Amino acid sequence: MKHLVDELLDVARSTPDVVALRWFGGRDGGRVREEVTFGGLAERVERTAAALRALGMEPGDRVLFSIRPRPEGVVLCLAVLRAGGAVVFVDPGSTPELFAARIAAARPRWAATEALLYAASSGPLRGIARSRGLLLPDYGQLPVRHLYTGRWLPGVPRGAHRVARLVRAVPGTVQAPEEVAEADREALVVFTSGTTSDPKAVVHTARTLGGMLDLFAQVGDLKSGQRAHTDQMFLGLPAIIAGGTWEIPAKAPKDAPEAFARGVAGADSSFLVPADVTALLDVLEAGSDAGPAASAAGPAVLAVGAAPVTVALLERGRRVLPGTRWLAVYGATEILPAAVTDADEKIAAAAAGDLVGRPLGGIGVRIDTEAARDPADPGDPEDSADPDDAREVGELVLTGPSLMAGYLADLDAGGARAVEHRTGDLAYQDAEGWIVLVGRNRDMIIRGTVNIYPGLFEPRLRALPGVADAVLVGVPVPDGDERVVLVVTAEGGTREAGAPVVRTGTELARAVADQVAQVLDHGALPDLVVEATYLPVAGRSRKPDRRALVNLVSPLTGTVRA
């Protein structure tokens, strides 16, 4: 199997003068700040990789990567892979305790960080960052070799190497190790969830990462000469490997939606998470500098994913940008992407469930019907299963070329590699191969791009003073995101007649809200804390009825019912 960097080098040899990367900047985000041709990109990647090896980077070294998408960061990311290293993504915005736990689990030998982040975490900007609620870890004190992008700022540790200078440091190329060994070597580590005591990270090899990029090329039908306007590397990299141009916006779409609207207009493809789509559509409908909605222009294809994509969001997207083909992408960090459907198909099938489409080429699908049964109630399907007995409803299990190697803790302990991924989604597959979701087999909340598993945190919440029981639920909002609501009951409370009553602003709710930051990881903090007179339960196992709780608290959050 050819390494993804070798695929890029092949494109560079055939079209060296074509623009591979176009990065926008300026106050309005509309000025082209930098362009890099395929020939220039290939040379910078090769030279940077050679410099990294000269500095002591060994195959298998893990590199903590905290650099936003821009040419310098893209070059370094590809150079790390070319040198045989693995890129490790850890959110610097997580709590210091969780960040420390993830670093301990990943054991990186290198850190690649923007100079601004060093300054904000340990330099003169640290006080400003803290005043804005950013409790950043001290990157400069990490016991690793340091690389930084941008101009030097106070806080950059002594001995750190500036990435831009590595290009000039060592001319030449890197001799790739044997093909099989390189393809199966760890290349990407992404922390997805977990707690300080048990951080969870997905590991991809060069082979599975290449499979992922090939599948994304199927999603966007990417071709040579096309423009992909996105801040998402998983669409940008396959675009340039296909011979197209990756246009990188000045800022993330949610931070500068007006600039993104101008840049994406007329592009061939783009990829956004649902929350970014909402920000884009808000700008277009408001008739801002991007132009009134009646004349709004978008990309030819806009893929939406990394979180649930609702029918309401796609209907709004079609209304505001009718000339754009809207796609909903389904997958997980463990195997991404897995299936795709366009807006017309998803909207038409809404009555049957959540259509996620046909599996992409190479993706294997298995429906585990046994997993649709409650272990505590043998023989009784879960309430979320589809009621149509003619359909084989079960847990959706996936295989394919983008399947992860496994979870970091398991692999580091010598465990076997993954052979399939159990999604936790209840689904059926019809005679034509369409996959339709009908519920979840295990509790999980998705807020933004963060997966929150209530069972990991609820025991801590039940231990808070005055709390008898505690349940975290996700309340859907129209753009596909979820609001996290913590429902608590009071010790010594008595069950009242009738349906449970939920209230905000009670003495218990306020006390718990003041304490949650001490017992929950930053990514799991609730948006709202409410007190219930009692928790509704369901089934013979008498588990909390989370669906009923969602419907109870929805009026308090201004969202939709389950």
# chains A, B, ... in the order shown; residues from 1 in each chain; ligands from 1
>>> residues_around(residues="A:Phe271", least_positions_apart="5", cutoff="12 Å", atoms="only C-alpha atoms", output="VMD selection string")
chain A and resid 216 to 217 219 to 220 228 to 236 238 to 239 246 to 248 252 to 253 260 264 276 to 277 298 to 306 325 to 329
>>> write_last_selection(atoms="N, CA and C atoms", output="CSV table (one decimal), in the first residue's frame")
chain,number,residue,atom,x,y,z
A,216,PHE,N,-13.1,9.6,2.2
A,216,PHE,CA,-13.6,11.0,2.1
A,216,PHE,C,-13.5,11.5,0.7
A,217,ALA,N,-12.6,11.0,-0.1
A,217,ALA,CA,-12.6,11.4,-1.5
A,217,ALA,C,-13.8,10.9,-2.2
A,219,VAL,N,-16.8,10.7,-0.7
A,219,VAL,CA,-17.8,11.5,-0.2
A,219,VAL,C,-17.9,12.8,-1.1
A,220,GLY,N,-16.8,13.5,-1.3
A,220,GLY,CA,-16.9,14.7,-2.1
A,220,GLY,C,-16.7,14.5,-3.6
A,228,ALA,N,-11.4,22.9,-2.6
A,228,ALA,CA,-12.1,22.4,-1.4
A,228,ALA,C,-11.8,23.5,-0.3
A,229,HIS,N,-12.9,24.2,0.1
A,229,HIS,CA,-12.7,25.3,1.1
A,229,HIS,C,-13.2,24.8,2.4
A,230,THR,N,-12.2,24.5,3.3
A,230,THR,CA,-12.6,23.9,4.6
A,230,THR,C,-11.4,24.1,5.6
A,231,ASP,N,-11.7,24.0,6.9
A,231,ASP,CA,-10.7,24.0,7.9
A,231,ASP,C,-10.5,22.6,8.4
A,232,GLN,N,-11.2,21.6,7.8
A,232,GLN,CA,-11.1,20.2,8.2
A,232,GLN,C,-10.1,19.5,7.4
A,233,MET,N,-9.1,18.9,8.1
A,233,MET,CA,-8.0,18.2,7.4
A,233,MET,C,-8.5,17.0,6.7
A,234,PHE,N,-9.5,16.3,7.2
A,234,PHE,CA,-10.0,15.1,6.5
A,234,PHE,C,-10.6,15.3,5.2
A,235,LEU,N,-11.0,16.5,4.8
A,235,LEU,CA,-11.4,16.8,3.5
A,235,LEU,C,-10.3,17.5,2.7
A,236,GLY,N,-9.5,18.4,3.4
A,236,GLY,CA,-8.4,19.1,2.8
A,236,GLY,C,-7.3,18.2,2.2
A,238,PRO,N,-7.5,14.8,1.3
A,238,PRO,CA,-7.8,14.1,0.1
A,238,PRO,C,-8.0,15.0,-1.1
A,239,ALA,N,-8.4,16.2,-0.9
A,239,ALA,CA,-8.5,17.1,-2.0
A,239,ALA,C,-7.2,17.3,-2.7
A,246,TRP,N,-6.6,22.9,-1.7
A,246,TRP,CA,-7.2,23.0,-0.4
A,246,TRP,C,-7.1,24.5,0.0
A,247,GLU,N,-8.3,25.1,0.1
A,247,GLU,CA,-8.4,26.5,0.5
A,247,GLU,C,-8.7,26.5,2.0
A,248,ILE,N,-7.8,27.1,2.8
A,248,ILE,CA,-7.9,27.1,4.2
A,248,ILE,C,-8.4,28.5,4.7
A,252,ALA,N,-11.8,29.6,12.0
A,252,ALA,CA,-12.8,28.5,12.0
A,252,ALA,C,-14.1,29.2,11.6
A,253,PRO,N,-15.0,28.4,10.9
A,253,PRO,CA,-16.2,29.0,10.4
A,253,PRO,C,-17.1,29.6,11.5
A,260,PHE,N,-16.1,33.1,6.1
A,260,PHE,CA,-16.2,31.8,5.5
A,260,PHE,C,-17.2,31.8,4.4
A,264,VAL,N,-16.3,30.3,0.7
A,264,VAL,CA,-16.8,29.1,0.3
A,264,VAL,C,-17.7,29.2,-1.0
A,276,ASP,N,-21.3,24.7,12.8
A,276,ASP,CA,-20.7,25.6,11.9
A,276,ASP,C,-21.7,25.9,10.8
A,277,VAL,N,-22.5,24.9,10.4
A,277,VAL,CA,-23.5,25.1,9.3
A,277,VAL,C,-24.5,26.1,9.9
A,298,GLY,N,-23.1,29.2,-2.5
A,298,GLY,CA,-22.4,28.2,-1.6
A,298,GLY,C,-21.5,27.4,-2.5
A,299,PRO,N,-21.0,26.3,-1.9
A,299,PRO,CA,-20.1,25.4,-2.7
A,299,PRO,C,-21.0,24.4,-3.5
A,300,ALA,N,-20.5,23.7,-4.4
A,300,ALA,CA,-21.2,22.8,-5.2
A,300,ALA,C,-21.7,21.6,-4.3
A,301,VAL,N,-20.8,21.2,-3.4
A,301,VAL,CA,-21.1,20.1,-2.5
A,301,VAL,C,-20.7,20.5,-1.1
A,302,LEU,N,-21.6,20.4,-0.1
A,302,LEU,CA,-21.3,20.7,1.2
A,302,LEU,C,-21.6,19.4,2.1
A,303,ALA,N,-20.6,18.8,2.6
A,303,ALA,CA,-20.8,17.6,3.5
A,303,ALA,C,-20.8,18.0,4.9
A,304,VAL,N,-21.7,17.5,5.7
A,304,VAL,CA,-21.9,17.8,7.1
A,304,VAL,C,-21.7,16.5,7.9
A,305,GLY,N,-20.9,16.6,9.0
A,305,GLY,CA,-20.7,15.4,9.8
A,305,GLY,C,-20.0,15.7,11.1
A,306,ALA,N,-19.4,14.7,11.7
A,306,ALA,CA,-18.7,14.7,13.0
A,306,ALA,C,-19.7,14.9,14.2
A,325,ARG,N,-25.4,20.9,-3.2
A,325,ARG,CA,-25.8,19.6,-2.9
A,325,ARG,C,-25.4,19.3,-1.5
A,326,TRP,N,-26.3,19.0,-0.6
A,326,TRP,CA,-26.1,18.8,0.8
A,326,TRP,C,-25.9,17.3,1.1
A,327,LEU,N,-24.9,16.9,1.8
A,327,LEU,CA,-24.6,15.5,2.1
A,327,LEU,C,-24.5,15.4,3.6
A,328,ALA,N,-25.0,14.3,4.2
A,328,ALA,CA,-24.9,14.0,5.6
A,328,ALA,C,-23.9,12.8,5.7
A,329,VAL,N,-22.9,13.0,6.5
A,329,VAL,CA,-21.8,11.9,6.6
A,329,VAL,C,-21.9,11.3,7.9
>>> residues_around(residues="A:Gly56", least_positions_apart="6", cutoff="12 Å", atoms="only C-alpha atoms", output="list in words")
Ala49, Ala50, Val80, Ala83, Gly84, Gly85, Arg109, Trp110 and Arg145 of chain A
>>> write_last_selection(atoms="all heavy atoms", output="mmCIF file, in the first residue's frame")
data_model
loop_
_atom_site.group_PDB
_atom_site.id
_atom_site.type_symbol
_atom_site.label_atom_id
_atom_site.label_comp_id
_atom_site.auth_asym_id
_atom_site.auth_seq_id
_atom_site.Cartn_x
_atom_site.Cartn_y
_atom_site.Cartn_z
ATOM 1 N N ALA A 49 10.893 16.827 7.090
ATOM 2 C CA ALA A 49 11.015 15.458 7.596
ATOM 3 C C ALA A 49 12.480 15.091 7.806
ATOM 4 O O ALA A 49 12.841 14.467 8.820
ATOM 5 C CB ALA A 49 10.354 14.478 6.627
ATOM 6 N N ALA A 50 13.340 15.476 6.858
ATOM 7 C CA ALA A 50 14.764 15.188 7.004
ATOM 8 C C ALA A 50 15.346 15.906 8.218
ATOM 9 O O ALA A 50 16.169 15.351 8.962
ATOM 10 C CB ALA A 50 15.507 15.607 5.736
ATOM 11 N N VAL A 80 5.952 14.922 9.859
ATOM 12 C CA VAL A 80 6.009 13.975 10.981
ATOM 13 C C VAL A 80 5.678 12.572 10.483
ATOM 14 O O VAL A 80 6.365 11.595 10.817
ATOM 15 C CB VAL A 80 5.046 14.406 12.099
ATOM 16 C CG1 VAL A 80 4.881 13.289 13.131
ATOM 17 C CG2 VAL A 80 5.553 15.672 12.783
ATOM 18 N N ALA A 83 8.481 11.188 8.427
ATOM 19 C CA ALA A 83 9.631 10.785 9.240
ATOM 20 C C ALA A 83 9.341 9.546 10.076
ATOM 21 O O ALA A 83 10.227 9.060 10.776
ATOM 22 C CB ALA A 83 10.050 11.938 10.154
ATOM 23 N N GLY A 84 8.105 9.050 10.012
ATOM 24 C CA GLY A 84 7.751 7.844 10.752
ATOM 25 C C GLY A 84 7.120 8.094 12.101
ATOM 26 O O GLY A 84 6.886 7.151 12.865
ATOM 27 N N GLY A 85 6.846 9.373 12.420
ATOM 28 C CA GLY A 85 6.242 9.697 13.703
ATOM 29 C C GLY A 85 4.730 9.560 13.676
ATOM 30 O O GLY A 85 4.128 9.247 12.642
ATOM 31 N N ARG A 109 7.049 12.224 22.802
ATOM 32 C CA ARG A 109 8.455 12.645 22.927
ATOM 33 C C ARG A 109 8.646 14.054 22.402
ATOM 34 O O ARG A 109 9.672 14.683 22.660
ATOM 35 C CB ARG A 109 9.368 11.682 22.154
ATOM 36 C CG ARG A 109 9.527 10.306 22.790
ATOM 37 C CD ARG A 109 10.706 9.569 22.159
ATOM 38 N NE ARG A 109 11.955 10.290 22.387
ATOM 39 C CZ ARG A 109 12.952 10.364 21.488
ATOM 40 N NH1 ARG A 109 12.829 9.772 20.300
ATOM 41 N NH2 ARG A 109 14.062 11.017 21.765
ATOM 42 N N TRP A 110 7.657 14.554 21.648
ATOM 43 C CA TRP A 110 7.751 15.868 21.028
ATOM 44 C C TRP A 110 6.436 16.612 21.244
ATOM 45 O O TRP A 110 5.392 15.997 21.417
ATOM 46 C CB TRP A 110 8.008 15.758 19.525
ATOM 47 C CG TRP A 110 9.230 14.991 19.132
ATOM 48 C CD1 TRP A 110 9.397 13.638 19.160
ATOM 49 C CD2 TRP A 110 10.447 15.539 18.646
ATOM 50 N NE1 TRP A 110 10.642 13.303 18.721
ATOM 51 C CE2 TRP A 110 11.319 14.445 18.383
ATOM 52 C CE3 TRP A 110 10.906 16.828 18.384
ATOM 53 C CZ2 TRP A 110 12.605 14.631 17.888
ATOM 54 C CZ3 TRP A 110 12.189 17.012 17.890
ATOM 55 C CH2 TRP A 110 13.028 15.922 17.647
ATOM 56 N N ARG A 145 10.719 17.285 23.528
ATOM 57 C CA ARG A 145 11.385 18.172 22.569
ATOM 58 C C ARG A 145 10.325 19.089 21.967
ATOM 59 O O ARG A 145 9.240 18.637 21.592
ATOM 60 C CB ARG A 145 12.046 17.348 21.462
ATOM 61 C CG ARG A 145 13.046 16.314 21.949
ATOM 62 C CD ARG A 145 14.369 16.943 22.352
ATOM 63 N NE ARG A 145 15.005 17.669 21.269
ATOM 64 C CZ ARG A 145 15.753 17.101 20.319
ATOM 65 N NH1 ARG A 145 15.947 15.785 20.316
ATOM 66 N NH2 ARG A 145 16.327 17.838 19.379
#
>>> residues_around(residues="A:Val87", least_positions_apart="6", cutoff="8 Å", atoms="only C-alpha atoms", output="CSV table (one decimal) with C-alpha atoms, in the first residue's frame")
chain,number,residue,atom,x,y,z
A,62,ARG,CA,4.6,10.5,19.2
A,63,VAL,CA,4.2,14.3,18.6
A,64,LEU,CA,1.7,16.3,20.6
A,65,PHE,CA,0.1,18.5,17.9
A,77,CYS,CA,1.9,17.2,10.1
A,80,VAL,CA,6.0,14.0,11.0
A,81,LEU,CA,4.3,11.2,9.1
A,187,ALA,CA,0.3,7.5,12.6
A,188,LEU,CA,-2.6,9.3,14.4
A,189,VAL,CA,-3.8,9.3,18.0
>>> residues_around(residues="A:Asp28", least_positions_apart="5", cutoff="9 Å", atoms="only C-alpha atoms", output="PDB file with N, CA, C and O atoms, in the first residue's frame")
ATOM      1  N   ALA A 250      -9.287  31.794   7.024  1.00  0.00           N
ATOM      2  CA  ALA A 250      -8.459  32.496   8.010  1.00  0.00           C
ATOM      3  C   ALA A 250      -8.760  32.033   9.424  1.00  0.00           C
ATOM      4  O   ALA A 250      -7.860  31.881  10.251  1.00  0.00           O
ATOM      5  N   ALA A 256     -15.643  33.145  12.405  1.00  0.00           N
ATOM      6  CA  ALA A 256     -15.747  34.190  11.380  1.00  0.00           C
ATOM      7  C   ALA A 256     -16.655  33.704  10.257  1.00  0.00           C
ATOM      8  O   ALA A 256     -16.207  33.456   9.130  1.00  0.00           O
ATOM      9  N   GLU A 258     -18.909  35.194   8.439  1.00  0.00           N
ATOM     10  CA  GLU A 258     -19.035  36.056   7.270  1.00  0.00           C
ATOM     11  C   GLU A 258     -17.892  35.814   6.285  1.00  0.00           C
ATOM     12  O   GLU A 258     -18.101  35.694   5.075  1.00  0.00           O
ATOM     13  N   ALA A 259     -16.665  35.727   6.810  1.00  0.00           N
ATOM     14  CA  ALA A 259     -15.510  35.469   5.952  1.00  0.00           C
ATOM     15  C   ALA A 259     -15.617  34.096   5.313  1.00  0.00           C
ATOM     16  O   ALA A 259     -15.293  33.919   4.130  1.00  0.00           O
TER      17      ALA A 259
END
>>> residues_around(residues="A:His146", least_positions_apart="5", cutoff="9 Å", atoms="only C-alpha atoms", output="CSV table (one decimal) with C-alpha atoms, in the first residue's frame")
chain,number,residue,atom,x,y,z
A,109,ARG,CA,8.5,12.6,22.9
A,110,TRP,CA,7.8,15.9,21.0
A,111,ALA,CA,5.3,18.8,21.2
A,112,ALA,CA,4.4,20.9,18.1
A,113,THR,CA,2.7,24.0,19.3
A,140,GLY,CA,6.6,25.0,28.1
A,156,VAL,CA,8.4,29.5,24.1
A,157,PRO,CA,10.9,27.2,25.9
A,158,ARG,CA,14.6,27.5,25.5
A,159,GLY,CA,15.9,25.1,22.9
A,160,ALA,CA,12.6,24.9,20.9
A,161,HIS,CA,12.9,24.7,17.2
A,162,ARG,CA,11.0,27.0,14.8
>>> closest_residue(among="A:Ala405, A:Asp412, A:Pro454, A:Ile367", to="A:Leu426", atoms="only C-alpha atoms")
A:Ile367
>>> select_by_dssp(residues="stretch 265-456 of chain A", states="alpha helix (DSSP H)", output="ChimeraX atom specification")
/A:274-286,311-320,343-348,408-412,454-456
>>> select_by_dssp(residues="stretch 178-259 of chain A", states="strand (DSSP E)", output="list in words")
Glu186, Ala187, Leu188, Val189, Val190, Phe191, Thr192, Ser193, Gly194, Pro199, Lys200, Ala201, Val202, Val203, His204, Thr205, Arg227, Ala228, His229, Thr245, Trp246, Glu247 and Ile248 of chain A
>>> residues_around(residues="A:Gly30", least_positions_apart="6", cutoff="8 Å", atoms="only C-alpha atoms", output="ChimeraX atom specification")
/A:24,259,262-263
>>> atom_distance(atom1="atom CA of A:Arg391", atom2="atom CA of A:Glu420")
22.6 Å
>>> residues_around(residues="A:Ala296", least_positions_apart="6", cutoff="10 Å", atoms="only C-alpha atoms", output="ChimeraX atom specification")
/A:261-262,265,281,284-285,287,290,320-323
>>> closest_residue(among="A:Glu315, A:Asp469, A:Asp521, A:Glu458", to="A:Glu345", atoms="only C-alpha atoms")
A:Glu315
>>> atom_distance(atom1="atom CA of A:Gly492", atom2="atom CA of A:Ala532")
12.9 Å
>>> closest_atom_pairs(of="stretch 165-257 of chain A", to="stretch 1-12 of chain A", cutoff="10 Å", atoms="only C-alpha atoms", output="JSON lines")
{"residue": "A:Ala176", "atom": "CA", "partner": "A:His3", "partner_atom": "CA", "distance": 9.4}
{"residue": "A:Glu179", "atom": "CA", "partner": "A:Met1", "partner_atom": "CA", "distance": 7.0}
{"residue": "A:Val180", "atom": "CA", "partner": "A:Met1", "partner_atom": "CA", "distance": 7.4}
{"residue": "A:Glu182", "atom": "CA", "partner": "A:His3", "partner_atom": "CA", "distance": 7.7}
{"residue": "A:Ala183", "atom": "CA", "partner": "A:His3", "partner_atom": "CA", "distance": 6.5}
{"residue": "A:Asp184", "atom": "CA", "partner": "A:Met1", "partner_atom": "CA", "distance": 9.8}
{"residue": "A:Ala206", "atom": "CA", "partner": "A:His3", "partner_atom": "CA", "distance": 6.7}
{"residue": "A:Arg207", "atom": "CA", "partner": "A:His3", "partner_atom": "CA", "distance": 7.3}
{"residue": "A:Leu209", "atom": "CA", "partner": "A:Leu4", "partner_atom": "CA", "distance": 8.2}
{"residue": "A:Gly210", "atom": "CA", "partner": "A:Leu4", "partner_atom": "CA", "distance": 5.8}
{"residue": "A:Gly211", "atom": "CA", "partner": "A:Leu4", "partner_atom": "CA", "distance": 9.3}
{"residue": "A:Leu213", "atom": "CA", "partner": "A:Leu4", "partner_atom": "CA", "distance": 8.5}
{"residue": "A:Asp214", "atom": "CA", "partner": "A:Leu4", "partner_atom": "CA", "distance": 9.6}
{"residue": "A:Ser224", "atom": "CA", "partner": "A:Val11", "partner_atom": "CA", "distance": 9.6}
{"residue": "A:Leu237", "atom": "CA", "partner": "A:Leu8", "partner_atom": "CA", "distance": 9.1}
{"residue": "A:Pro238", "atom": "CA", "partner": "A:Leu4", "partner_atom": "CA", "distance": 9.1}
{"residue": "A:Ile240", "atom": "CA", "partner": "A:Leu8", "partner_atom": "CA", "distance": 7.3}
{"residue": "A:Ile241", "atom": "CA", "partner": "A:Leu8", "partner_atom": "CA", "distance": 5.2}
{"residue": "A:Ala242", "atom": "CA", "partner": "A:Val11", "partner_atom": "CA", "distance": 7.8}
{"residue": "A:Gly243", "atom": "CA", "partner": "A:Val11", "partner_atom": "CA", "distance": 6.2}
{"residue": "A:Gly244", "atom": "CA", "partner": "A:Val11", "partner_atom": "CA", "distance": 9.7}
>>> write_last_selection(atoms="N, CA and C atoms", output="compact mmCIF listing (two decimals), in the first residue's frame")
# COMPACT_ATOMS: atom_id res chain seq x y z
N ALA A 176 12.15 6.11 3.06
CA ALA A 176 11.02 5.48 3.76
C ALA A 176 11.38 4.06 4.17
N GLU A 179 7.71 -0.92 3.08
CA GLU A 179 6.33 -0.50 2.84
C GLU A 179 5.36 -1.07 3.87
N VAL A 180 5.42 -2.37 4.13
CA VAL A 180 4.46 -2.99 5.04
C VAL A 180 4.61 -2.43 6.44
N GLU A 182 5.80 0.43 7.36
CA GLU A 182 5.37 1.82 7.44
C GLU A 182 3.86 1.93 7.42
N ALA A 183 3.20 1.16 6.56
CA ALA A 183 1.76 1.24 6.44
C ALA A 183 1.06 0.85 7.73
N ASP A 184 1.62 -0.07 8.48
CA ASP A 184 0.98 -0.54 9.71
C ASP A 184 1.51 0.14 10.96
N ALA A 206 -0.88 4.43 9.40
CA ALA A 206 -0.79 5.06 8.09
C ALA A 206 -1.74 4.39 7.11
N ARG A 207 -1.92 3.07 7.26
CA ARG A 207 -2.82 2.35 6.36
C ARG A 207 -4.27 2.78 6.57
N LEU A 209 -5.37 5.49 8.10
CA LEU A 209 -5.51 6.91 7.79
C LEU A 209 -5.65 7.11 6.29
N GLY A 210 -4.85 6.36 5.52
CA GLY A 210 -4.99 6.42 4.06
C GLY A 210 -6.36 5.95 3.61
N GLY A 211 -6.87 4.88 4.26
CA GLY A 211 -8.21 4.40 3.94
C GLY A 211 -9.26 5.45 4.23
N LEU A 213 -8.85 8.76 4.17
CA LEU A 213 -8.78 9.82 3.17
C LEU A 213 -9.37 9.36 1.84
N ASP A 214 -9.17 8.09 1.48
CA ASP A 214 -9.77 7.56 0.25
C ASP A 214 -11.29 7.59 0.34
N SER A 224 -9.09 16.32 -9.70
CA SER A 224 -8.01 17.25 -9.97
C SER A 224 -8.58 18.59 -10.43
N LEU A 237 -6.88 17.18 2.99
CA LEU A 237 -5.83 16.27 2.52
C LEU A 237 -6.27 15.44 1.31
N PRO A 238 -7.46 14.80 1.33
CA PRO A 238 -7.85 14.05 0.13
C PRO A 238 -8.03 14.95 -1.09
N ILE A 240 -6.09 17.54 -1.92
CA ILE A 240 -4.80 17.78 -2.57
C ILE A 240 -4.22 16.47 -3.13
N ILE A 241 -4.51 15.35 -2.47
CA ILE A 241 -4.04 14.08 -3.02
C ILE A 241 -4.72 13.79 -4.36
N ALA A 242 -5.96 14.29 -4.51
CA ALA A 242 -6.67 14.14 -5.78
C ALA A 242 -6.19 15.13 -6.83
N GLY A 243 -5.31 16.06 -6.43
CA GLY A 243 -4.80 17.05 -7.38
C GLY A 243 -5.54 18.37 -7.34
N GLY A 244 -6.39 18.57 -6.32
CA GLY A 244 -7.12 19.82 -6.18
C GLY A 244 -6.41 20.80 -5.27
>>> closest_residue(among="A:Pro555, A:Gly331, A:Gly155, A:Pro137", to="A:Val477", atoms="only C-alpha atoms")
A:Pro555
